[in-house]
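Student: My structure is in work-v3.txt, and what it holds is compact mmCIF, C-alpha atoms and all ligand atoms:
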```txt
# COMPACT_ATOMS: atom_id res chain seq x y z
CA MET A 141 0.00 0.00 0.00
CA SER A 142 1.44 3.40 -0.88
CA ILE A 143 0.90 6.42 1.29
CA ALA A 144 0.20 9.64 -0.58
CA VAL A 145 2.25 12.51 0.91
CA ALA A 146 1.02 15.97 0.03
CA SER A 147 3.69 18.13 -1.65
CA PRO A 148 4.26 21.62 -0.22
CA GLN A 149 2.52 23.03 -3.31
CA GLU A 150 -0.62 20.95 -2.60
CA ARG A 151 -0.57 21.95 1.05
CA LEU A 152 -0.42 25.61 0.17
CA SER A 153 -3.38 25.46 -2.21
CA GLU A 154 -5.47 23.62 0.35
CA ARG A 155 -4.91 26.09 3.19
CA SER A 156 -6.90 29.20 3.77
CA MET A 157 -4.71 32.17 4.61
CA SER A 158 -6.60 34.92 6.32
CA THR A 159 -3.70 37.08 7.54
CA LEU A 160 -0.61 38.48 5.83
CA GLU A 161 1.60 36.69 8.36
CA GLU A 162 0.05 33.36 7.35
CA LEU A 163 0.51 34.24 3.69
CA TYR A 164 4.21 35.13 4.21
CA ALA A 165 4.88 32.00 6.23
CA GLU A 166 3.17 29.71 3.74
CA THR A 167 4.72 31.28 0.64
CA GLU A 168 8.24 31.39 2.17
CA ALA A 169 7.91 27.68 2.94
CA VAL A 170 7.55 26.93 -0.77
CA ASN A 171 10.34 29.30 -1.89
CA PHE A 172 8.38 32.36 -2.88
CA THR A 173 9.08 35.81 -1.51
CA PRO A 174 6.45 38.53 -1.72
CA GLY A 175 7.61 41.20 -4.21
CA TRP A 176 5.74 44.00 -2.42
CA VAL A 177 7.60 43.69 0.88
CA PRO A 178 10.44 46.24 1.38
CA ARG A 179 13.80 44.49 1.36
CA LYS A 180 17.01 45.26 3.21
CA LYS A 181 18.64 45.68 -0.20
CA PRO A 182 16.08 46.95 -2.72
CA VAL A 183 15.78 45.06 -6.00
CA LEU A 184 15.75 48.21 -8.10
CA TYR A 185 17.01 51.72 -7.43
CA ARG A 186 17.34 54.96 -9.33
CA GLU A 187 21.06 54.69 -10.17
CA PRO A 188 24.05 52.45 -9.38
CA ARG A 189 24.94 51.96 -5.71
CA PRO A 190 28.44 50.51 -5.95
CA GLU A 191 29.34 48.34 -2.99
CA PHE A 192 33.04 48.34 -3.84
CA ALA A 193 35.16 51.33 -2.85
CA PRO A 194 37.73 53.40 -4.72
CA ALA A 195 41.12 52.23 -3.50
CA HIS A 196 44.85 52.61 -4.15
CA TRP A 197 47.65 50.06 -3.77
CA ARG A 198 51.28 51.16 -3.65
CA TYR A 199 53.84 49.14 -5.54
CA ASP A 200 56.57 49.83 -2.96
CA ASN A 201 54.40 48.14 -0.31
CA ALA A 202 53.73 45.19 -2.63
CA LYS A 203 57.40 44.86 -3.50
CA ALA A 204 58.44 44.81 0.17
CA GLY A 205 55.87 42.06 0.84
CA LEU A 206 56.90 40.03 -2.19
CA ASP A 207 60.60 40.33 -1.37
CA ALA A 208 59.86 38.95 2.10
CA ALA A 209 57.75 36.19 0.53
CA GLY A 210 60.72 35.37 -1.73
CA THR A 211 62.47 33.68 1.19
CA LEU A 212 59.29 32.28 2.78
CA VAL A 213 57.25 30.93 -0.15
CA ASP A 214 58.52 28.41 -2.70
CA VAL A 215 56.86 29.16 -6.04
CA ALA A 216 57.03 25.53 -7.16
CA LEU A 217 54.88 24.64 -4.15
CA ALA A 218 52.71 27.76 -3.88
CA GLU A 219 51.98 27.81 -7.63
CA ARG A 220 52.08 31.61 -7.56
CA ARG A 221 53.85 34.07 -5.29
CA ASN A 222 51.43 36.95 -5.38
CA LEU A 223 49.71 39.58 -3.26
CA ILE A 224 46.07 40.13 -4.18
CA MET A 225 44.67 43.67 -4.19
CA ARG A 226 41.57 43.09 -2.09
CA ASN A 227 39.04 45.92 -2.14
CA PRO A 228 38.71 47.50 1.34
CA SER A 229 34.89 47.34 1.12
CA PRO A 230 33.24 44.89 3.56
CA SER A 231 31.51 43.41 0.49
CA ALA A 232 34.87 42.13 -0.81
CA ASP A 233 36.35 38.74 -0.06
CA PHE A 234 39.35 38.81 -2.41
CA GLU A 235 37.99 40.94 -5.26
CA THR A 236 39.49 44.24 -6.45
CA SER A 237 36.17 45.26 -7.99
CA ARG A 238 32.87 43.51 -8.66
CA THR A 239 34.18 41.66 -11.75
CA LEU A 240 37.96 41.96 -11.61
CA VAL A 241 40.77 40.87 -9.35
CA CYS A 242 44.35 42.09 -9.53
CA ALA A 243 47.57 41.08 -7.84
CA TYR A 244 51.27 41.81 -7.76
CA GLN A 245 53.43 38.81 -8.48
CA MET A 246 57.14 38.09 -8.25
CA ILE A 247 59.41 35.35 -9.53
CA LEU A 248 63.06 34.82 -8.65
CA PRO A 249 65.84 34.03 -11.13
CA GLY A 250 65.81 30.36 -12.05
CA GLU A 251 62.29 29.73 -10.74
CA LYS A 252 59.53 28.14 -12.78
CA ALA A 253 55.84 28.44 -11.91
CA PRO A 254 53.82 25.34 -12.85
CA SER A 255 51.49 25.49 -15.86
CA HIS A 256 47.75 25.53 -15.43
CA ARG A 257 44.60 26.69 -17.16
CA HIS A 258 41.33 28.18 -15.98
CA SER A 259 38.12 29.56 -17.42
CA SER A 260 38.94 33.08 -16.27
CA HIS A 261 40.76 35.40 -18.64
CA ALA A 262 44.02 36.84 -17.37
CA LEU A 263 46.74 39.28 -18.31
CA ARG A 264 49.89 40.71 -16.86
CA VAL A 265 51.71 44.01 -17.13
CA ILE A 266 55.41 43.66 -16.49
CA ILE A 267 56.75 46.18 -13.96
CA GLU A 268 60.33 44.92 -13.74
CA GLY A 269 61.47 41.99 -15.81
CA LYS A 270 64.50 41.08 -17.87
CA GLY A 271 64.84 37.45 -18.85
CA SER A 272 61.45 36.45 -17.49
CA PHE A 273 59.09 34.60 -19.80
CA SER A 274 55.59 33.21 -20.13
CA THR A 275 54.66 30.02 -21.88
CA VAL A 276 51.15 30.28 -23.32
CA ASP A 277 49.76 27.22 -25.13
CA GLY A 278 53.30 25.94 -25.77
CA GLN A 279 54.66 29.27 -27.03
CA LYS A 280 57.46 30.65 -24.89
CA MET A 281 57.55 34.44 -25.12
CA PRO A 282 59.58 37.07 -23.28
CA MET A 283 57.76 39.18 -20.72
CA GLU A 284 59.92 42.18 -20.14
CA THR A 285 59.45 45.60 -18.53
CA GLY A 286 56.51 47.50 -20.06
CA ASP A 287 55.04 44.49 -21.90
CA VAL A 288 51.43 43.35 -21.62
CA VAL A 289 50.98 39.57 -21.89
CA LEU A 290 47.60 37.84 -22.27
CA THR A 291 46.57 34.40 -21.05
CA PRO A 292 43.00 33.96 -22.32
CA GLY A 293 40.67 31.57 -20.53
CA GLY A 294 41.35 27.93 -21.37
CA CYS A 295 44.98 28.50 -22.46
CA TRP A 296 47.65 26.55 -20.63
CA HIS A 297 50.10 29.00 -19.11
CA GLY A 298 53.11 29.07 -16.86
CA HIS A 299 56.12 31.27 -16.45
CA GLY A 300 59.76 31.23 -15.55
CA HIS A 301 62.82 33.37 -15.24
CA ASP A 302 66.16 33.07 -17.05
CA GLY A 303 67.40 36.50 -15.84
CA ASP A 304 69.46 37.36 -12.79
CA GLN A 305 67.19 39.82 -10.92
CA PRO A 306 63.71 39.21 -9.45
CA ALA A 307 60.87 39.97 -11.89
CA TYR A 308 57.66 41.71 -10.79
CA TRP A 309 54.39 42.19 -12.57
CA PHE A 310 50.76 43.22 -12.25
CA ASP A 311 48.18 40.47 -12.78
CA GLY A 312 44.57 41.14 -13.79
CA LEU A 313 41.82 38.52 -14.10
CA ASP A 314 38.03 38.32 -14.34
CA VAL A 315 37.77 35.62 -11.64
CA PRO A 316 35.00 37.42 -9.67
CA LEU A 317 32.89 37.44 -12.83
CA THR A 318 33.54 33.75 -13.44
CA GLN A 319 32.57 33.00 -9.86
CA LEU A 320 29.41 35.11 -10.16
CA LEU A 321 28.32 33.28 -13.32
CA GLU A 322 29.69 29.97 -11.92
CA PRO A 323 31.51 28.37 -14.91
CA VAL A 324 34.71 27.98 -12.87
CA PHE A 325 37.12 25.33 -14.19
CA PHE A 326 40.76 24.90 -13.21
CA ASP A 327 43.31 22.27 -14.28
CA GLU A 328 46.91 21.73 -13.38
CA HIS A 329 49.00 20.70 -16.38
CA PRO A 330 49.55 16.92 -16.41
CA ASP A 331 53.31 17.45 -17.01
CA LYS A 332 53.46 20.19 -14.33
CA TYR A 333 55.46 22.39 -16.72
CA GLN A 334 54.03 22.56 -20.23
CA LYS A 335 56.57 21.61 -22.89
CA VAL A 336 57.82 24.55 -24.96
CA GLU A 337 56.93 23.94 -28.61
CA ARG A 338 58.12 27.24 -30.01
CA VAL A 339 60.07 30.24 -28.77
CA VAL A 340 58.52 33.40 -30.17
CA GLU A 341 59.38 37.08 -29.95
CA THR A 342 56.00 38.31 -31.13
CA SER A 343 52.60 36.79 -30.51
CA PRO A 344 48.95 37.89 -30.43
CA TYR A 345 49.33 37.30 -26.68
CA ARG A 346 52.16 39.80 -26.26
CA PHE A 347 52.02 43.60 -26.62
CA LYS A 348 55.61 44.82 -26.51
CA ARG A 349 56.45 48.04 -24.71
CA ASP A 350 57.98 49.66 -27.81
CA ALA A 351 55.02 48.73 -30.02
CA ILE A 352 52.59 50.27 -27.51
CA ALA A 353 54.71 53.45 -27.38
CA GLN A 354 54.81 53.70 -31.20
CA ARG A 355 51.04 53.40 -31.39
CA LEU A 356 50.62 56.09 -28.71
CA ASP A 357 52.98 58.40 -30.66
CA ALA A 358 50.80 58.04 -33.76
CA VAL A 359 47.36 58.51 -32.21
CA LYS A 360 45.60 61.88 -32.12
CA PRO A 361 44.76 63.43 -28.73
CA GLU A 362 41.18 63.03 -27.52
CA VAL A 363 39.24 66.24 -28.13
CA ASP A 364 36.74 66.11 -25.24
CA GLY A 365 39.35 66.27 -22.49
CA PHE A 366 38.26 63.16 -20.58
CA TYR A 367 41.28 61.11 -21.63
CA GLY A 368 44.84 61.48 -22.83
CA ARG A 369 46.02 59.81 -26.04
CA ARG A 370 44.61 56.30 -25.89
CA VAL A 371 45.11 53.02 -27.68
CA THR A 372 43.10 49.85 -27.26
CA LEU A 373 44.99 46.56 -26.97
CA GLU A 374 42.89 44.14 -29.00
CA ALA A 375 42.18 40.95 -27.09
CA ALA A 376 39.43 39.19 -29.01
CA SER A 377 40.09 35.94 -27.14
CA MET A 378 39.18 37.54 -23.81
CA PRO A 379 36.05 39.54 -24.59
CA THR A 380 35.04 40.31 -20.99
CA ILE A 381 38.01 42.61 -20.37
CA GLY A 382 38.75 45.89 -22.14
CA LEU A 383 42.41 46.93 -22.28
CA VAL A 384 43.46 50.51 -22.89
CA VAL A 385 46.77 52.33 -22.54
CA GLU A 386 46.47 56.07 -21.97
CA ARG A 387 49.25 58.65 -22.10
CA LEU A 388 48.98 61.84 -20.07
CA ASP A 389 51.56 64.58 -20.65
CA GLY A 390 53.03 66.14 -17.50
CA GLY A 391 50.75 68.92 -16.21
CA VAL A 392 47.62 67.63 -17.96
CA GLN A 393 44.39 67.63 -15.96
CA THR A 394 41.54 65.56 -17.41
CA ARG A 395 37.82 66.37 -17.18
CA ALA A 396 35.85 64.33 -14.66
CA TYR A 397 33.48 61.65 -15.90
CA ARG A 398 31.86 58.50 -14.62
CA THR A 399 30.83 55.27 -16.29
CA THR A 400 28.99 52.10 -15.34
CA ALA A 401 32.16 50.07 -15.97
CA ASN A 402 34.54 48.91 -13.24
CA THR A 403 38.03 50.11 -14.13
CA VAL A 404 41.41 49.27 -12.65
CA PHE A 405 44.24 51.69 -13.48
CA HIS A 406 47.84 50.52 -13.30
CA VAL A 407 50.57 53.16 -13.57
CA MET A 408 53.05 52.09 -16.26
CA GLU A 409 55.00 55.37 -16.17
CA GLY A 410 55.08 58.71 -14.39
CA THR A 411 53.58 60.36 -11.33
CA GLY A 412 50.33 62.15 -10.66
CA GLU A 413 47.09 62.27 -8.74
CA SER A 414 43.64 60.96 -9.52
CA GLN A 415 40.30 61.84 -7.99
CA ILE A 416 38.17 58.71 -7.80
CA GLY A 417 34.72 59.05 -6.28
CA GLY A 418 35.89 62.06 -4.25
CA GLN A 419 39.06 60.39 -2.94
CA GLU A 420 42.48 61.61 -4.04
CA PHE A 421 45.19 59.09 -4.79
CA ALA A 422 48.76 60.28 -5.40
CA TRP A 423 50.40 57.65 -7.57
CA GLN A 424 53.72 56.69 -9.05
CA ARG A 425 55.06 54.04 -11.39
CA GLY A 426 53.88 50.54 -10.45
CA ASP A 427 50.91 51.70 -8.35
CA THR A 428 47.34 50.54 -8.99
CA PHE A 429 43.99 52.14 -8.19
CA VAL A 430 40.41 51.11 -8.82
CA ALA A 431 37.39 53.13 -9.94
CA PRO A 432 34.31 50.97 -9.27
CA CYS A 433 31.12 51.54 -11.27
CA TRP A 434 29.68 55.09 -11.29
CA ASN A 435 32.55 56.71 -9.35
CA ALA A 436 33.81 59.99 -10.84
CA ILE A 437 37.25 59.72 -12.45
CA SER A 438 39.77 62.47 -13.24
CA HIS A 439 43.55 62.47 -13.45
CA LYS A 440 46.31 65.03 -13.13
CA ALA A 441 49.75 64.00 -14.36
CA GLN A 442 52.71 65.54 -12.51
CA SER A 443 55.20 64.07 -15.00
CA ASP A 444 54.66 62.38 -18.38
CA ALA A 445 52.55 59.38 -17.46
CA GLN A 446 51.20 56.19 -19.00
CA LEU A 447 48.21 54.44 -17.44
CA PHE A 448 47.10 50.92 -18.25
CA ALA A 449 43.35 50.55 -17.76
CA MET A 450 41.52 47.23 -17.61
CA SER A 451 37.76 47.25 -17.29
CA ASP A 452 34.56 45.30 -17.81
CA GLU A 453 33.39 47.92 -20.35
CA PRO A 454 33.04 45.40 -23.26
CA LEU A 455 30.81 43.26 -21.08
CA LEU A 456 28.63 46.24 -20.17
CA ARG A 457 28.44 47.36 -23.79
CA PHE A 458 27.44 43.84 -24.87
CA SER A 459 24.68 43.87 -22.24
CA LYS A 460 23.64 47.43 -23.21
CA TYR A 461 24.35 48.50 -19.61
CA TYR A 462 27.16 50.88 -20.50
CA ARG A 463 26.65 54.54 -19.62
CA MET A 464 29.17 57.36 -19.49
CA GLU A 465 28.53 60.94 -18.42
CA PRO A 466 30.59 64.00 -17.69
CA ILE A 467 30.68 65.34 -14.15
CA ALA A 468 29.82 69.05 -14.33
FE FE B 1 46.70 31.41 -14.17
```
So that I can check it, write out the structure of this file as structure tokens.

Tutor:
Amino acid sequence: MSIAVASPQERLSERSMSTLEELYAETEAVNFTPGWVPRKKPVLYREPRPEFAPAHWRYDNAKAGLDAAGTLVDVALAERRNLIMRNPSPSADFETSRTLVCAYQMILPGEKAPSHRHSSHALRVIIEGKGSFSTVDGQKMPMETGDVVLTPGGCWHGHGHDGDQPAYWFDGLDVPLTQLLEPVFFDEHPDKYQKVERVVETSPYRFKRDAIAQRLDAVKPEVDGFYGRRVTLEAASMPTIGLVVERLDGGVQTRAYRTTANTVFHVMEGTGESQIGGQEFAWQRGDTFVAPCWNAISHKAQSDAQLFAMSDEPLLRFSKYYRMEPIA
């Protein structure tokens, strides 16, 4: 004999609910939530309310930490010797902004970091490196000071160092986005270090410092005053992240604007100050600062400067969520 057990849905339809309290209790029990009840965090609001904060990370602090880690952390065991730039907002666990995470990383002469691959797209900007290299899908390429090197999602990648001084770089990834959407995959390479199939000087994965500088020399200044001369680094294989390099001549002050994108600025050259969401950050070469969604952005270069900007702008444009407006 089988016993019929009423499902929660059947129970709800059979009950009479004469008070709101009964209605809330019964609907919550079957995984509904009343849409008319005010919530601690509203579902919709008039304009963005970014939970992440503008923040600034100094390279000299990172370098001191990494140099200490050089004697304490073995890169072959730790996989990566890096310091993550965690946003100071209480909403952050490890993230730099809602969709992006950045870190400073260091490798010592002779070290090799094991190869792996992950769904998240990644890139690095080399702060100090001579003789360091990345191996991306079997192609070994130099990563030297001022270069930008891409490791798109799904590509095997590792790195090593044939030089004689420690190498340091900035890492940027869209891991928080991958976690939010949930397609996280990660594999260690079965050989630990992927075999080098080819040694290349140029690659679609490498933007050399000199080539970036030549492109910046050739581009016309922006006329609206929001940006300096800018070039986009094309990275079709990692469409969630927009990469821009911007040159600001010493003394230039840009007009303030805000956008719905989350942008991380990394200082490739020069010194200056930026106002981000009302906070002033005085920066120098190697520093990083973040402008989360809808925070006003303006820069003043003290000396000739070059900023690398990575953002989720392509993702917002794809979604038709992108908005940019001047701040009066
Ligand atoms: Fe990686």

Student: May I have a table of the residues of chain A lying at most 7 Å from ligand FE 1 (chain B), giving each one's closest pair of atoms and their distance in Å to one decimal, counting only C-alpha atoms and all ligand atoms, ordered by chain and ascending residue number, as CSV?

Tutor:
```
residue,atom,partner,partner_atom,distance
A:His256,CA,B:FE1,FE,6.1
A:Arg257,CA,B:FE1,FE,6.0
A:His258,CA,B:FE1,FE,6.5
A:Ala262,CA,B:FE1,FE,6.8
A:His297,CA,B:FE1,FE,6.5
```

Student: Would you list the contacts of range 283-296 of chain A as a PyMOL selection string, taking every protein, DNA or RNA residue within 7 Å and counting all atoms listed in the file, but skipping same-chain residues closer than 6 positions in sequence?

Tutor: chain A and resi 255-274+276-277+345-349+377-378+408

Student: Using all atoms listed in the file, what table do you get, as a tab-separated table, when you list each residue of range 386-460 of chain A with an atom no more than 8 Å from range 230-254 of chain A, its nearest pair of atoms, and their distance in Å rounded to one decimal, rows by chain then rising number?

Tutor:
```
residue	atom	partner	partner_atom	distance
A:Asn402	CA	A:Ser237	CA	6.6
A:Val430	CA	A:Ser237	CA	7.3
A:Pro432	CA	A:Ser237	CA	6.1
A:Ser451	CA	A:Leu240	CA	7.8
A:Asp452	CA	A:Thr239	CA	7.1
```

Student: Quick check, in Å to one decimal: how far apart do CA of Tyr199 in chain A and CA of Ile224 in chain A lie?

Tutor: 12.0 Å

Student: Between A:Gly278, A:Pro178, A:Pro194, A:Pro188, which residue has the minimum interatomic distance to Ile416 in chain A, considering all atoms listed in the file?

Tutor: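 Of A:Gly278, A:Pro178, A:Pro194, A:Pro188, the one nearest Ile416 in chain A is A:Pro194, counting all atoms listed in the file.
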
Student: Which of these residues is nearest to Asp200 in chain A, using only C-alpha atoms: A:Gln334, A:Tyr308, A:Ala353, A:Glu161?

Tutor: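 Of A:Gln334, A:Tyr308, A:Ala353, A:Glu161, the one nearest Asp200 in chain A is A:Tyr308, counting only C-alpha atoms.
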
Student: Restricting the calculation to only C-alpha atoms, which member of A:Glu341, A:Trp176, A:Val363, A:Asp444 is positioned closest to Arg387 in chain A?

Tutor: A:Asp444

Student: Could you jot down the CA of Lys440 in chain A to CA of Arg463 in chain A separation for me, Å, one decimal place?

Tutor: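 Straight-line distance from CA of Lys440 in chain A to CA of Arg463 in chain A works out to 23.2 Å.
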
Student: Suppose you want the space between CA of Thr394 in chain A and CA of Gly417 in chain A; what is it in Å?

Tutor: 14.6 Å

Student: Ala401 in chain A: which residues within 10 Å, counting all atoms listed in the file, same-chain residues fewer than 6 positions away excluded, as a list in words?

Tutor: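 Returned residues: Arg238, Thr239, Gly382, Ala431, Pro432, Cys433, Trp434, Asn435, Met450, Ser451, Asp452, Glu453, Pro454, Leu455, Leu456, Arg457, Tyr461, Tyr462, Arg463 and Met464 of chain A.
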
Student: Select, from A:Leu447, A:Ala468, A:Val359, A:Ala165, the residue with the minimum atom-to-atom distance to Gly426 in chain A, counting all atoms listed in the file.

Tutor: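 Closest to Gly426 in chain A of all the choices is A:Leu447.
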
Student: Given the choices A:Thr428, A:Ala422, A:Leu206, A:Glu374, which gets closest to Ala307 in chain A if the distance is worked out from all atoms listed in the file?

Tutor: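 Ranking A:Thr428, A:Ala422, A:Leu206, A:Glu374 by distance to Ala307 in chain A, first place goes to A:Leu206.
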
Student: Smallest atom-to-atom distance to Leu356 in chain A: which of A:Gly390, A:Ala445, A:Arg425, A:Pro282, using all atoms listed in the file?

Tutor: A:Ala445

Student: List as a ChimeraX atom specification: which residues have an atom within 6 Å of (53.7, 57.3, -9.1), counting all atoms listed in the file?

Tutor: /A:410-411,423-425

Student: Would you list the contacts of Ala358 in chain A as a list in words, taking every protein, DNA or RNA residue within 12 Å and counting all atoms listed in the file, but skipping same-chain residues closer than 2 positions in sequence?

Tutor: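 Close residues of Ala358 in chain A: Ala351, Ile352, Ala353, Gln354, Arg355, Leu356, Lys360, Pro361, Arg369, Arg370, Val371 and Arg387 of chain A.
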